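J.: What follows is final-v5.pdb, made up of PDB, C-alpha atoms:
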ATOM      1  CA  MET A 193      53.735  10.896 -49.496
ATOM      2  CA  ASN A 194      50.356   9.659 -48.345
ATOM      3  CA  TYR A 195      50.808   9.110 -44.614
ATOM      4  CA  GLY A 196      47.251   7.889 -44.254
ATOM      5  CA  ALA A 197      47.695   4.979 -46.644
ATOM      6  CA  GLY A 198      47.151   1.663 -45.024
ATOM      7  CA  PHE A 199      46.117   3.226 -41.740
ATOM      8  CA  GLN A 200      43.122   1.608 -40.083
ATOM      9  CA  ASN A 201      41.117   2.955 -37.194
ATOM     10  CA  PRO A 202      41.716   0.499 -34.340
ATOM     11  CA  GLY A 203      38.147   1.150 -33.213
ATOM     12  CA  SER A 204      36.636   0.304 -36.606
ATOM     13  CA  ASN A 205      33.848  -2.289 -36.545
ATOM     14  CA  ASP A 206      35.344  -3.829 -39.703
ATOM     15  CA  ASN A 207      38.023  -5.438 -37.583
ATOM     16  CA  ARG A 208      35.524  -6.655 -34.961
ATOM     17  CA  PRO A 209      32.648  -8.407 -36.698
ATOM     18  CA  GLU A 210      31.275  -9.643 -33.347
ATOM     19  CA  LEU A 211      30.175  -6.066 -32.630
ATOM     20  CA  MET A 212      27.841  -6.232 -35.606
ATOM     21  CA  GLU A 213      26.085  -9.318 -34.340
ATOM     22  CA  GLU A 214      22.588  -9.061 -32.905
ATOM     23  CA  VAL A 215      22.582  -9.207 -29.113
ATOM     24  CA  LYS A 216      20.097 -11.705 -27.750
ATOM     25  CA  LEU A 217      18.704 -10.909 -24.333
ATOM     26  CA  CYS A 218      17.378 -14.433 -23.991
ATOM     27  CA  GLU A 219      18.916 -17.675 -25.136
ATOM     28  CA  SER A 220      15.650 -19.578 -25.296
ATOM     29  CA  ALA A 221      11.875 -19.209 -25.297
ATOM     30  CA  LYS A 222      11.816 -20.539 -21.734
ATOM     31  CA  GLU A 223      14.210 -17.822 -20.574
ATOM     32  CA  ARG A 224      12.187 -15.167 -22.383
ATOM     33  CA  ALA A 225       9.028 -16.377 -20.643
ATOM     34  CA  TYR A 226      10.805 -16.202 -17.277
ATOM     35  CA  TYR A 227      11.751 -12.548 -17.776
ATOM     36  CA  ASP A 228       8.230 -11.771 -18.973
ATOM     37  CA  ASN A 229       6.896 -13.308 -15.756
ATOM     38  CA  LEU A 230       9.261 -11.164 -13.679
ATOM     39  CA  ALA A 231       8.020  -8.071 -15.502
ATOM     40  CA  ASP A 232       4.400  -9.067 -14.910
ATOM     41  CA  LEU A 233       4.970  -9.508 -11.172
ATOM     42  CA  TYR A 234       6.767  -6.170 -10.966
ATOM     43  CA  ALA A 235       3.880  -4.458 -12.760
ATOM     44  CA  VAL A 236       1.212  -6.024 -10.529
ATOM     45  CA  ILE A 237       2.971  -5.029  -7.294
ATOM     46  CA  ASN A 238       3.608  -1.512  -8.557
ATOM     47  CA  THR A 239      -0.027  -1.140  -9.651
ATOM     48  CA  LEU A 240      -1.240  -2.357  -6.249
ATOM     49  CA  GLN A 241       0.996   0.229  -4.565
ATOM     50  CA  CYS A 242      -0.491   2.977  -6.757
ATOM     51  CA  LEU A 243      -4.019   1.786  -5.933
ATOM     52  CA  GLU A 244      -3.312   1.888  -2.185
ATOM     53  CA  ARG A 245      -1.925   5.411  -2.458
ATOM     54  CA  ALA A 246      -4.934   6.509  -4.502
ATOM     55  CA  TYR A 247      -7.264   5.087  -1.856
ATOM     56  CA  ILE A 248      -5.365   6.814   0.945
ATOM     57  CA  ARG A 249      -5.759  10.102  -0.913
ATOM     58  CA  ASP A 250      -9.466   9.436  -1.438
ATOM     59  CA  CYS A 251      -9.040   9.411  -5.223
ATOM     60  CA  VAL A 252     -11.018   6.189  -5.706
ATOM     61  CA  LYS A 253     -14.398   5.100  -4.371
ATOM     62  CA  ASP A 254     -14.664   2.209  -1.919
ATOM     63  CA  LYS A 255     -16.439  -0.148  -4.312
ATOM     64  CA  GLU A 256     -14.022   0.520  -7.178
ATOM     65  CA  TYR A 257     -11.057   0.161  -4.822
ATOM     66  CA  GLN A 258     -12.297  -3.140  -3.412
ATOM     67  CA  THR A 259     -12.973  -4.650  -6.833
ATOM     68  CA  SER A 260      -9.610  -3.546  -8.233
ATOM     69  CA  CYS A 261      -7.721  -4.652  -5.134
ATOM     70  CA  GLN A 262      -9.250  -8.129  -5.151
ATOM     71  CA  LYS A 263      -8.391  -8.502  -8.835
ATOM     72  CA  LEU A 264      -4.795  -7.386  -8.300
ATOM     73  CA  LEU A 265      -4.335  -9.725  -5.346
ATOM     74  CA  SER A 266      -5.538 -12.608  -7.498
ATOM     75  CA  GLN A 267      -3.177 -11.578 -10.307
ATOM     76  CA  TYR A 268      -0.335 -11.288  -7.811
ATOM     77  CA  LYS A 269      -0.793 -14.882  -6.642
ATOM     78  CA  THR A 270      -0.663 -16.166 -10.209
ATOM     79  CA  ALA A 271       2.297 -13.968 -11.157
ATOM     80  CA  PHE A 272       4.318 -14.876  -8.074
ATOM     81  CA  ASN A 273       3.742 -18.607  -8.495
ATOM     82  CA  LEU A 274       5.305 -18.321 -11.948
ATOM     83  CA  VAL A 275       8.551 -16.829 -10.600
ATOM     84  CA  LYS A 276       8.765 -18.535  -7.211
ATOM     85  CA  SER A 277      12.151 -20.223  -6.954
ATOM     86  CA  PRO A 278      15.192 -20.520  -4.669
ATOM     87  CA  GLU A 279      16.155 -17.051  -5.933
ATOM     88  CA  PHE A 280      12.736 -15.634  -5.021
ATOM     89  CA  PRO A 281      11.267 -17.791  -2.227
ATOM     90  CA  ASP A 282       8.959 -14.975  -1.155
ATOM     91  CA  VAL A 283       7.772 -11.565  -2.307
ATOM     92  CA  ASP A 284      10.144  -9.749   0.049
ATOM     93  CA  SER A 285      13.170 -11.173  -1.734
ATOM     94  CA  PHE A 286      11.746 -10.038  -5.090
ATOM     95  CA  VAL A 287      11.048  -6.530  -3.783
ATOM     96  CA  LYS A 288      14.543  -6.263  -2.292
ATOM     97  CA  THR A 289      16.254  -7.446  -5.473
ATOM     98  CA  TYR A 290      14.440  -4.963  -7.715
ATOM     99  CA  ARG A 291      14.360  -2.186  -5.092
ATOM    100  CA  LEU A 292      10.627  -1.661  -5.207
ATOM    101  CA  ASP A 293       9.207   1.010  -2.901
ATOM    102  CA  CYS A 294       5.908  -0.659  -2.088
ATOM    103  CA  VAL A 295       5.219  -0.780   1.647
ATOM    104  CA  ALA A 296       1.464  -0.352   1.197
ATOM    105  CA  ALA A 297       1.292  -3.076  -1.452
ATOM    106  CA  LEU A 298       3.202  -5.527   0.751
ATOM    107  CA  GLU A 299       0.825  -4.866   3.630
ATOM    108  CA  ARG A 300      -2.141  -5.587   1.381
ATOM    109  CA  ILE A 301      -0.484  -8.773   0.071
ATOM    110  CA  ARG A 302       0.128 -10.010   3.611
ATOM    111  CA  GLU A 303      -3.471  -9.225   4.614
ATOM    112  CA  ASP A 304      -4.639 -10.905   1.381
ATOM    113  CA  GLN A 305      -7.735  -8.702   1.205
ATOM    114  CA  PRO A 306      -8.726  -5.084   0.581
ATOM    115  CA  VAL A 307      -8.543  -2.763   3.569
ATOM    116  CA  THR A 308     -12.306  -2.121   3.233
ATOM    117  CA  ILE A 309     -13.057  -5.669   4.351
ATOM    118  CA  LYS A 310      -9.969  -6.200   6.485
ATOM    119  CA  ALA A 311     -11.939  -6.421   9.707
ATOM    120  CA  SER A 312     -15.113  -8.025   8.412
ATOM    121  CA  GLN A 313     -14.171 -11.636   9.145
ATOM    122  CA  GLY A 314     -16.017 -13.511  11.834
ATOM    123  CA  GLY A 315     -19.297 -11.703  11.310
ATOM    124  CA  GLY A 316     -17.694  -8.312  11.866
ATOM    125  CA  ASN A 317     -17.311  -8.896  15.623
ATOM    126  CA  SER A 318     -14.287 -11.186  15.785
ATOM    127  CA  SER A 319     -11.543 -10.718  18.353
ATOM    128  CA  LYS A 320      -9.155  -9.866  15.505
ATOM    129  CA  CYS A 321     -11.489  -7.119  14.331
ATOM    130  CA  ILE A 322     -11.690  -5.670  17.850
ATOM    131  CA  ALA A 323      -7.922  -5.854  18.294
ATOM    132  CA  ASP A 324      -7.406  -4.081  14.969
ATOM    133  CA  ILE A 325      -9.721  -1.233  15.959
ATOM    134  CA  VAL A 326      -8.030  -0.775  19.348
ATOM    135  CA  SER A 327      -4.609  -0.763  17.674
ATOM    136  CA  LEU A 328      -5.716   1.758  15.041
ATOM    137  CA  PHE A 329      -7.124   4.128  17.663
ATOM    138  CA  ILE A 330      -3.899   4.035  19.662
ATOM    139  CA  THR A 331      -1.725   4.486  16.570
ATOM    140  CA  ALA A 332      -3.777   7.448  15.302
ATOM    141  CA  ILE A 333      -3.543   9.189  18.677
ATOM    142  CA  ASP A 334       0.208   8.526  18.879
ATOM    143  CA  VAL A 335       0.762   9.972  15.387
ATOM    144  CA  LEU A 336      -0.992  13.199  16.362
ATOM    145  CA  LYS A 337       0.893  13.440  19.659
ATOM    146  CA  LEU A 338       4.130  13.258  17.653
ATOM    147  CA  GLU A 339       2.906  16.457  15.950
ATOM    148  CA  ARG A 340       2.471  14.836  12.564
ATOM    149  CA  ARG A 341      -0.408  16.855  11.155
ATOM    150  CA  ALA A 342      -0.149  16.404   7.375
ATOM    151  CA  LYS A 343      -3.079  14.743   5.642
ATOM    152  CA  ASP A 344      -0.793  12.017   4.273
ATOM    153  CA  ASP A 345       0.252  11.113   7.813
ATOM    154  CA  ILE A 346      -3.188  11.047   9.424
ATOM    155  CA  TYR A 347      -5.747  10.115   6.779
ATOM    156  CA  PRO A 348      -4.787   6.411   6.385
ATOM    157  CA  TYR A 349      -5.338   5.702  10.095
ATOM    158  CA  ILE A 350      -8.622   7.603  10.331
ATOM    159  CA  ARG A 351      -9.866   5.836   7.209
ATOM    160  CA  GLU A 352      -8.972   2.431   8.596
ATOM    161  CA  VAL A 353     -10.615   3.165  11.962
ATOM    162  CA  CYS A 354     -13.772   4.231  10.138
ATOM    163  CA  ASP A 355     -13.795   1.158   7.876
ATOM    164  CA  ALA A 356     -13.098  -1.214  10.764
ATOM    165  CA  MET A 357     -15.910   0.174  12.928
ATOM    166  CA  SER A 358     -18.316   0.127   9.978
ATOM    167  CA  SER A 359     -17.653  -3.594   9.587
ATOM    168  CA  MET A 360     -18.751  -4.338  13.159
ATOM    169  CA  SER A 361     -22.418  -5.287  13.030
ATOM    170  CA  SER A 362     -22.820  -4.669  16.766
ATOM    171  CA  LEU A 363     -22.082  -0.944  16.443
ATOM    172  CA  PRO A 364     -25.155   1.130  15.456
ATOM    173  CA  ALA A 365     -24.894   3.784  12.750
ATOM    174  CA  ASP A 366     -25.321   6.560  15.331
ATOM    175  CA  PHE A 367     -22.584   5.198  17.611
ATOM    176  CA  GLU A 368     -20.713   8.183  19.057
ATOM    177  CA  GLY A 369     -17.349   6.935  17.847
ATOM    178  CA  LYS A 370     -18.573   6.455  14.284
ATOM    179  CA  VAL A 371     -20.069   9.946  14.154
ATOM    180  CA  LYS A 372     -16.899  11.636  15.377
ATOM    181  CA  ILE A 373     -14.551   9.612  13.147
ATOM    182  CA  ASN A 374     -16.742  10.164  10.086
ATOM    183  CA  HIS A 375     -16.647  13.905  10.783
ATOM    184  CA  TRP A 376     -12.846  13.894  10.730
ATOM    185  CA  LEU A 377     -12.747  11.641   7.689
ATOM    186  CA  THR A 378     -14.863  14.194   5.822
ATOM    187  CA  THR A 379     -12.668  17.054   7.031
ATOM    188  CA  LEU A 380      -9.492  15.315   5.885
ATOM    189  CA  SER A 381     -11.029  14.328   2.551
ATOM    190  CA  GLU A 382     -11.672  17.978   1.769
ATOM    191  CA  MET A 383      -8.052  18.931   2.476
ATOM    192  CA  GLY A 384      -5.309  18.986  -0.126
ATOM    193  CA  VAL A 385      -2.595  16.353   0.028
ATOM    194  CA  ALA A 386      -0.022  18.894   1.254
ATOM    195  CA  ASP A 387      -2.380  20.533   3.775
ATOM    196  CA  GLU A 388      -1.889  20.180   7.523
ATOM    197  CA  LEU A 389      -4.190  20.368  10.517
ATOM    198  CA  SER A 390      -3.876  23.439  12.670
ATOM    199  CA  GLU A 391      -2.725  23.036  16.262
ATOM    200  CA  GLU A 392      -6.297  23.553  17.436
ATOM    201  CA  GLN A 393      -7.640  20.929  15.003
ATOM    202  CA  ALA A 394      -4.975  18.445  16.068
ATOM    203  CA  ARG A 395      -5.868  18.892  19.749
ATOM    204  CA  GLN A 396      -9.557  18.481  18.966
ATOM    205  CA  MET A 397      -8.921  15.344  16.933
ATOM    206  CA  ILE A 398      -6.886  13.796  19.751
ATOM    207  CA  PHE A 399      -9.742  14.571  22.140
ATOM    208  CA  ASP A 400     -12.377  13.091  19.792
ATOM    209  CA  LEU A 401     -10.302   9.968  19.180
ATOM    210  CA  ASP A 402      -9.849   9.484  22.902
ATOM    211  CA  VAL A 403     -13.585   9.921  23.540
ATOM    212  CA  SER A 404     -14.419   7.524  20.682
ATOM    213  CA  TYR A 405     -11.927   4.953  21.915
ATOM    214  CA  ASN A 406     -13.361   5.025  25.438
ATOM    215  CA  ALA A 407     -16.880   4.742  24.055
ATOM    216  CA  PHE A 408     -15.801   1.721  22.002
ATOM    217  CA  VAL A 409     -14.259   0.043  25.054
ATOM    218  CA  ARG A 410     -17.425   0.682  27.083
ATOM    219  CA  THR A 411     -19.504  -0.936  24.348
ATOM    220  CA  LEU A 412     -17.338  -4.050  24.501
ATOM    221  CA  LYS A 413     -17.740  -4.235  28.266
ATOM    222  CA  ASP A 414     -21.524  -3.877  27.964
ATOM    223  CA  GLU A 415     -21.627  -6.775  25.491
ATOM    224  CA  SER A 416     -19.540  -9.075  27.682
TER     225      SER A 416
END
Starting from the file, give its structure as structure tokens.
T.:
Amino acid sequence: MNYGAGFQNPGSNDNRPELMEEVKLCESAKERAYYDNLADLYAVINTLQCLERAYIRDCVKDKEYQTSCQKLLSQYKTAFNLVKSPEFPDVDSFVKTYRLDCVAALERIREDQPVTIKASQGGGNSSKCIADIVSLFITAIDVLKLERRAKDDIYPYIREVCDAMSSMSSLPADFEGKVKINHWLTTLSEMGVADELSEEQARQMIFDLDVSYNAFVRTLKDES
């Protein structure tokens, strides 16, 4: 007796022709375009985040960074306008939905300009520029006092202080603060990403930042 006669595998696709049908991810050309636009926005934000990290690690020159950043910010505006909707009223909602880790990119999007020219508005001597420099000095000193000595922790703040002071036309090239900050920027640039400052270096940097900050404040008082 053939016990297998007439037996059919209940999981066989022959009994479920719908499983053989092609699955369409999009029902229309309009829907396909929408998902393409979402992918484009995701790619632009992610690329901007990578660019910011490369700049922080001194892996890209200022001019190349600035050109690329300006281009990406322009692309971001176009890409976001194509997906802006009640579902995504702002970039934060998009980032949250797709769980993007892009703090640096969001900061650049909010500033709407590369960090190299962040403080250059108003002829390089605007009140915003001055406030930014004061804030950066204080933040850098606080980071060191919290015993965060890794290059990744310190370099971004020192770089921004240097860039912000360079944008101020009233500060001469030999300004004491510029000289000291440039020295530390060079030191950090020569370190590996995982390297840390020694305790002695950290104490010296705090001292130099404090001296530079006081010199900057004195310069502002002299101008007023």
J.: When you count all atoms listed in the file, which of these residues is closest to A:Tyr234: A:Asp254, A:Glu219, A:Asp334, A:Asp293?
T.: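 Closest candidate: A:Asp293.
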J.: Spell out the residues picked by the PyMOL selection byres ((chain A and resi 295-303) around 6) here, as a list in words.
T.: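 For this structure, the PyMOL selection byres ((chain A and resi 295-303) around 6) captures Leu240, Gln241, Cys294, Asp304 and Gln305 of chain A.
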J.: Please, what is the axis-aligned box for every listed atom of stretch 380-384 of chain A with 4 Å on each side, as centre and edge lengths in Å to one decimal, as lines of an AutoDock Vina configuration file?
T.:
center_x = -8.5
center_y = 16.7
center_z = 2.9
size_x = 14.4
size_y = 12.7
size_z = 14.0
J.: Tell me which residues the PyMOL selection byres ((chain A and resi 344) around 9) grabs here, as number ranges by chain.
T.: A: 248-249, 341-343, 345-348, 385-388
J.: Have a look at A:Val236, A:Met383, A:Ala225, A:Leu243 and name the one nearest to A:Phe272; count all atoms listed in the file.
T.: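 Result for the nearest residue to A:Phe272: A:Val236.
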J.: Any idea what the distance is between atom CA of A:Cys354 and atom CA of A:Ser260?
T.: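 Atom-to-atom, atom CA of A:Cys354 to atom CA of A:Ser260, that is 20.4 Å.
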J.: Would you pick out the contacts of A:Leu412 at 10 Å or less, using all atoms listed in the file, so that residues sharing its chain but fewer than 5 positions from it are not included, and give the list as an NGL selection string?
T.: :A and (322 or 362-363 or 406-407)
J.: Rank nothing, just name the residue among A:Glu352, A:Arg340, A:Asp250, A:Ile398 nearest to A:Thr378, using all atoms listed in the file.
T.: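 Smallest distance to A:Thr378 is found for A:Asp250.
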J.: Complete stretch 218-229 of chain A at the level of all heavy atoms, written as an mmCIF file, keeping the file's coordinate frame.
T.:
data_model
loop_
_atom_site.group_PDB
_atom_site.id
_atom_site.type_symbol
_atom_site.label_atom_id
_atom_site.label_comp_id
_atom_site.auth_asym_id
_atom_site.auth_seq_id
_atom_site.Cartn_x
_atom_site.Cartn_y
_atom_site.Cartn_z
ATOM 1 N N CYS A 218 17.777 -13.115 -24.489
ATOM 2 C CA CYS A 218 17.378 -14.433 -23.991
ATOM 3 C C CYS A 218 17.908 -15.508 -24.925
ATOM 4 O O CYS A 218 17.905 -15.339 -26.150
ATOM 5 C CB CYS A 218 15.856 -14.534 -23.907
ATOM 6 S SG CYS A 218 15.087 -13.208 -22.954
ATOM 7 N N GLU A 219 18.355 -16.586 -24.346
ATOM 8 C CA GLU A 219 18.916 -17.675 -25.136
ATOM 9 C C GLU A 219 17.866 -18.668 -25.593
ATOM 10 O O GLU A 219 18.115 -19.480 -26.476
ATOM 11 C CB GLU A 219 19.999 -18.403 -24.324
ATOM 12 C CG GLU A 219 21.195 -17.539 -23.971
ATOM 13 C CD GLU A 219 21.962 -17.083 -25.198
ATOM 14 O OE1 GLU A 219 21.961 -17.825 -26.205
ATOM 15 O OE2 GLU A 219 22.557 -15.996 -25.149
ATOM 16 N N SER A 220 16.691 -18.615 -24.950
ATOM 17 C CA SER A 220 15.650 -19.578 -25.296
ATOM 18 C C SER A 220 14.273 -18.991 -25.010
ATOM 19 O O SER A 220 14.145 -17.970 -24.312
ATOM 20 C CB SER A 220 15.830 -20.874 -24.500
ATOM 21 O OG SER A 220 15.635 -20.625 -23.118
ATOM 22 N N ALA A 221 13.252 -19.650 -25.527
ATOM 23 C CA ALA A 221 11.875 -19.209 -25.297
ATOM 24 C C ALA A 221 11.522 -19.326 -23.816
ATOM 25 O O ALA A 221 10.788 -18.496 -23.268
ATOM 26 C CB ALA A 221 10.916 -20.050 -26.131
ATOM 27 N N LYS A 222 12.077 -20.336 -23.157
ATOM 28 C CA LYS A 222 11.816 -20.539 -21.734
ATOM 29 C C LYS A 222 12.382 -19.378 -20.916
ATOM 30 O O LYS A 222 11.749 -18.875 -19.981
ATOM 31 C CB LYS A 222 12.435 -21.855 -21.271
ATOM 32 C CG LYS A 222 12.165 -22.187 -19.811
ATOM 33 C CD LYS A 222 12.767 -23.534 -19.444
ATOM 34 C CE LYS A 222 12.488 -23.859 -17.966
ATOM 35 N NZ LYS A 222 13.068 -25.168 -17.592
ATOM 36 N N GLU A 223 13.593 -18.937 -21.280
ATOM 37 C CA GLU A 223 14.210 -17.822 -20.574
ATOM 38 C C GLU A 223 13.444 -16.536 -20.823
ATOM 39 O O GLU A 223 13.255 -15.721 -19.916
ATOM 40 C CB GLU A 223 15.667 -17.666 -21.030
ATOM 41 C CG GLU A 223 16.448 -16.648 -20.201
ATOM 42 C CD GLU A 223 17.903 -16.558 -20.626
ATOM 43 O OE1 GLU A 223 18.313 -17.339 -21.514
ATOM 44 O OE2 GLU A 223 18.620 -15.705 -20.074
ATOM 45 N N ARG A 224 12.982 -16.361 -22.053
ATOM 46 C CA ARG A 224 12.187 -15.167 -22.383
ATOM 47 C C ARG A 224 10.895 -15.140 -21.564
ATOM 48 O O ARG A 224 10.495 -14.094 -21.032
ATOM 49 C CB ARG A 224 11.857 -15.181 -23.884
ATOM 50 C CG ARG A 224 10.878 -14.101 -24.338
ATOM 51 C CD ARG A 224 11.426 -12.701 -24.086
ATOM 52 N NE ARG A 224 10.456 -11.687 -24.454
ATOM 53 C CZ ARG A 224 10.358 -11.160 -25.670
ATOM 54 N NH1 ARG A 224 11.186 -11.573 -26.643
ATOM 55 N NH2 ARG A 224 9.473 -10.238 -25.939
ATOM 56 N N ALA A 225 10.262 -16.291 -21.432
ATOM 57 C CA ALA A 225 9.028 -16.377 -20.643
ATOM 58 C C ALA A 225 9.286 -16.044 -19.184
ATOM 59 O O ALA A 225 8.463 -15.406 -18.526
ATOM 60 C CB ALA A 225 8.435 -17.781 -20.771
ATOM 61 N N TYR A 226 10.453 -16.472 -18.678
ATOM 62 C CA TYR A 226 10.805 -16.202 -17.277
ATOM 63 C C TYR A 226 10.920 -14.698 -17.036
ATOM 64 O O TYR A 226 10.381 -14.171 -16.052
ATOM 65 C CB TYR A 226 12.118 -16.894 -16.944
ATOM 66 C CG TYR A 226 12.631 -16.589 -15.552
ATOM 67 C CD1 TYR A 226 11.992 -17.100 -14.423
ATOM 68 C CD2 TYR A 226 13.748 -15.776 -15.365
ATOM 69 C CE1 TYR A 226 12.455 -16.816 -13.140
ATOM 70 C CE2 TYR A 226 14.214 -15.489 -14.084
ATOM 71 C CZ TYR A 226 13.570 -16.009 -12.983
ATOM 72 O OH TYR A 226 14.020 -15.723 -11.725
ATOM 73 N N TYR A 227 11.602 -14.000 -17.940
ATOM 74 C CA TYR A 227 11.751 -12.548 -17.776
ATOM 75 C C TYR A 227 10.409 -11.824 -17.954
ATOM 76 O O TYR A 227 10.151 -10.811 -17.296
ATOM 77 C CB TYR A 227 12.790 -12.002 -18.745
ATOM 78 C CG TYR A 227 14.211 -12.330 -18.333
ATOM 79 C CD1 TYR A 227 15.018 -13.139 -19.116
ATOM 80 C CD2 TYR A 227 14.731 -11.829 -17.142
ATOM 81 C CE1 TYR A 227 16.320 -13.455 -18.727
ATOM 82 C CE2 TYR A 227 16.022 -12.137 -16.740
ATOM 83 C CZ TYR A 227 16.811 -12.955 -17.535
ATOM 84 O OH TYR A 227 18.089 -13.257 -17.129
ATOM 85 N N ASP A 228 9.571 -12.341 -18.822
ATOM 86 C CA ASP A 228 8.230 -11.771 -18.973
ATOM 87 C C ASP A 228 7.443 -11.918 -17.673
ATOM 88 O O ASP A 228 6.706 -11.004 -17.268
ATOM 89 C CB ASP A 228 7.481 -12.460 -20.120
ATOM 90 C CG ASP A 228 7.955 -11.997 -21.483
ATOM 91 O OD1 ASP A 228 8.639 -10.953 -21.549
ATOM 92 O OD2 ASP A 228 7.639 -12.669 -22.489
ATOM 93 N N ASN A 229 7.598 -13.067 -17.026
ATOM 94 C CA ASN A 229 6.896 -13.308 -15.756
ATOM 95 C C ASN A 229 7.394 -12.366 -14.655
ATOM 96 O O ASN A 229 6.604 -11.882 -13.845
ATOM 97 C CB ASN A 229 7.077 -14.762 -15.316
ATOM 98 C CG ASN A 229 6.365 -15.734 -16.233
ATOM 99 O OD1 ASN A 229 5.393 -15.378 -16.905
ATOM 100 N ND2 ASN A 229 6.825 -16.974 -16.275
#
